[in-house]
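Q: First the structure, then my questions, so here it is.
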2 protein chains.
Amino acid sequence: MTQTVADIGEFGLIRLIRDLIDREGVKAPELTMGIGDDSASFLPREGYEILVTCDCMVEGRHYLKGHINPLDLGSRAMVMNISDIGAMGGMPTFAIVSLGVEKDAPVHDILEMYRGFFQELNPLGAAVIGGNITRSDNSNFIDITLIGEVERGKIIRRSTARPDDIMLVTGYPGQAAAGLNILLNSKEKGDLQSDPLVRAYNRPVHRAKEGRAAALSGCATSMIDISDGLLGDLGHICEESGVGAEIIRKALPVSAHMRAFSGPNGHDPYEWVLGESDDYELIITCAPGNKDRICSAITETSDVPVAEIGRITSKKDGIKIVFPDGSKHEAAAVGWDHFKK
Amino acid sequence: MTQTVADIGEFGLIRLIRDLIDREGVKAPELTMGIGDDSASFLPREGYEILVTCDCMVEGRHYLKGHINPLDLGSRAMVMNISDIGAMGGMPTFAIVSLGVEKDAPVHDILEMYRGFFQELNPLGAAVIGGNITRSDNSNFIDITLIGEVERGKIIRRSTARPDDIMLVTGYPGQAAAGLNILLNSKEKGDLQSDPLVRAYNRPVHRAKEGRAAALSGCATSMIDISDGLLGDLGHICEESGVGAEIIRKALPVSAHMRAFSGPNGHDPYEWVLGESDDYELIITCAPGNKDRICSAITETSDVPVAEIGRITSKKDGIKIVFPDGSKHEAAAVGWDHFKK
């Protein structure tokens, strides 16, 4: 019979998780106290600022049971947070994991989820140092607070883009949205797990190394990760920086997988590229003359493609999309808002 | 009509919260980036370790709608976390607040909850610097990660109690359990809000200043906050320190309110003092000769009473309670475990 959380209790589960962290997690030299006391503690490194971010996934809203396995779920939840640290130019150091779990949740699934965390954290030398487990009767949730560090003064904000900067984007935004569409419209879920678009949704990739390379190049004027969709997050840059933007539609990166899936199924791939999508690519702005320096800094650490997709304009111009015929259309901000509608 | 979260959307709510933090929250000099980017950031102070703790409250499990108002709810959620920082000898600096909210939640209630956070954080110079808002259809939750600091080397752990140490406890543990009992067994909730035992449950008090005073005295050998009940948390000290303990029953502090309520209602007050209760008092251990130094360090900062309730023994003796007739009884660990039963 499958062992559940109710079988071993909160403290039994905490003990198993603590053992797993000891066995399979990274040992961080700065950590002075890990799981097992009222608080965890660590010694900050001199010359660094501390970064803190927090993101939560609720079952039925941010992921669907049966559509994703626990290992991928853990990886995905951690990637969301690593992405936020990377988008400031930093690297993660410590994670605090707060879980809401139903009492009949299988213990094995929870440990697998932690293995998903380790798959993302271990290569970066970051460790789970604390958290909380609480019973939640109606839906499971995973709330992660991730701590990171960045050399003092090297943070890249979203509020510092300037008119005439160009906009760069990493990878292929929108693939996760296409993957979710496939999952929601298919009856057989099992076979889909290896589909590249479904993988982009279930197992997204962060761009922390790329973000850090851009930050350390000294040439990025602003940066944000795309978690509310390309247009949604470009909207955040524009709002916080007090600028507008012009996107060249034909410059938007459309992957071969997306192209192959979209056409025959009657979808417009650009709607996915621009709209709500759980990809964690980066938008980076810089002076036009600095594009090559940023691109080569990224190329040194990664083979992810970088596309120039348009330029920053003045606030009064809003956000516009330039079509191949030269016409310009207002882009309504279509970022993901779970509460509205 | 009451404005709900659905009316203003996630980003509208975030904007209101950000404004409220700017207007009514404390400004922390170390903060280099607050709410409004991918991550928050701060400059750690030299010579300090960073503390991190996390605690989550789920509606229907840790609090009951209609039994507590949003201001008290916010205060209570923050106190739980401040207590964990205080139990290490530290003081809180930054809070990250992750909320799960139903779409018809009144905006006013959420802002009131933040005011409850401020009531606890502002006097300590600590600030809300980030978080997350997510829609949760089935129950609201409040998940707080609290960051604190403590002078390097001054942390007091739960794992370092020694045989022959004495055990001290602050205040009156168990009052919250009695208050919850009153709430659950009364039809009229409104009139109860001023009952001192109900206040102890709805509006508990942390002992961060007292914990810090004990830590800085250099005399505390171990410390823990009582969130799983006196016996439950003494059990954590014993497990982590590899020791046993002997509690003198008649030395346990029973408040006048508790005594007045218990007798006429046929309750044994000691069950509440020892058992599951959401008080946030401290258990502190020290060498017998250091009791006065710890007590006077605490008295200098606070008028909370401190009681000597027994002594640490060796592991093989387990946890025992000594009755007035001299007989000793094994105390089954009855800490709060939300999953088991």
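Residue numbers start at 1 in each chain; chains themselves are named A, B, ... in the order of the structure tokens; ligands are numbered from 1 in the order shown.
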Within range 61-124 of chain B, find each residue whose DSSP state, derived from the backbone, is helix (DSSP H, G or I), and express the selection as an MDAnalysis selection string.

A: chainID B and resid 70:86 107:124

Q: Can you tell me, as a PyMOL selection string, what residues are no more than 9 Å from Asp165 in chain B when counting only C-alpha atoms, ignoring any on the same chain fewer than 2 positions away?

A: chain B and resi 161-163+167+221+285-288+310-313

Q: Between B:Glu102, B:Glu240, B:Gly171, B:Gly153, single out the one closest to Ile35 in chain A, counting only C-alpha atoms.

A: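 Result for the nearest residue to Ile35 in chain A: B:Glu240.
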
Q: Using only C-alpha atoms, which protein or nucleic acid residues come within 10 Å of range 243-249 of chain A? Drop anything in the same chain fewer than 2 positions from it, and give the result as a PyMOL selection string.

A: chain A and resi 159-167+231+234-235+237-241+251-253+270+273-274+308-324+326+328-331

Q: At a cut-off of 6 Å, list the chain A residues touching chain B, using only C-alpha atoms, as a VMD selection string.

A: chain A and resid 6 9 to 10 38 to 43 49 to 55 84 103 131 to 132 138 337 339 to 340

Q: When you draw a straight line from CA of Asp191 in chain B to CA of Ser262 in chain B, how long is it in Å?

A: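 CA of Asp191 in chain B sits 19.3 Å away from CA of Ser262 in chain B.
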
Q: Find the residues around Ile182 in chain B up to 9 Å (only C-alpha atoms counted), leave out those fewer than 6 positions away in its own chain, and share them as a PyMOL selection string.

A: chain B and resi 192+197-198

Q: Do you know which residues are at most 10 Å from Leu230 in chain B counting only C-alpha atoms, after dropping those on the same chain fewer than 6 positions away, and could you put them as a ChimeraX atom specification?

A: /B:169,173-174,224,236,272-283,333-335

Q: Would you kindly return, as a PyMOL selection string, each protein, DNA or RNA residue with an atom no farther than 9 Å from any atom of Val304 in chain B, considering only C-alpha atoms and excluding same-chain residues fewer than 4 positions away?

A: chain B and resi 170-171+207+210+298-299

Q: So that I have them on file, write out the residues from the current selection with N, CA and C atoms, as a CSV table (one decimal), in the first residue's frame.

A:
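Saved as result.csv:
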```csv
chain,number,residue,atom,x,y,z
B,170,THR,N,8.7,31.4,29.9
B,170,THR,CA,8.2,32.7,30.0
B,170,THR,C,6.7,32.7,30.0
B,171,GLY,N,6.0,33.7,30.6
B,171,GLY,CA,4.6,33.9,30.5
B,171,GLY,C,3.8,32.7,31.0
B,207,ARG,N,8.0,36.6,22.1
B,207,ARG,CA,9.0,36.9,23.1
B,207,ARG,C,10.3,37.2,22.5
B,210,GLU,N,12.7,39.1,24.8
B,210,GLU,CA,13.1,38.3,25.9
B,210,GLU,C,14.1,37.3,25.4
B,298,ILE,N,16.2,39.5,31.2
B,298,ILE,CA,14.9,39.6,30.7
B,298,ILE,C,14.1,40.7,31.4
B,299,THR,N,14.2,40.8,32.7
B,299,THR,CA,13.5,41.8,33.4
B,299,THR,C,13.9,43.2,33.0
```

Q: Using CA of Gln119 in chain A and CA of Leu71 in chain A as the two end points, give the distance in Å to one decimal.

A: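 Distance reported for this atom pair: 8.9 Å.
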
Q: Please extract the residues of range 146-232 of chain B with a backbone DSSP assignment of strand (DSSP E or B) and present them as a list in words.

A: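 DSSP on the backbone gives strand (DSSP E or B) at Leu146, Ile147, Gly148, Glu149, Val150, Glu151, Ile166, Met167, Leu168, Val169, Thr170, Ala220, Thr221, Ser222, Met223, Ile224 and Asp225 of chain B.
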
Q: Could you tell me how far CA of Asp109 in chain B sits from CA of Ile142 in chain B, in Å to one decimal place?

A: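 Answer for the CA of Ile142 in chain B to CA of Asp109 in chain B separation: 12.9 Å.
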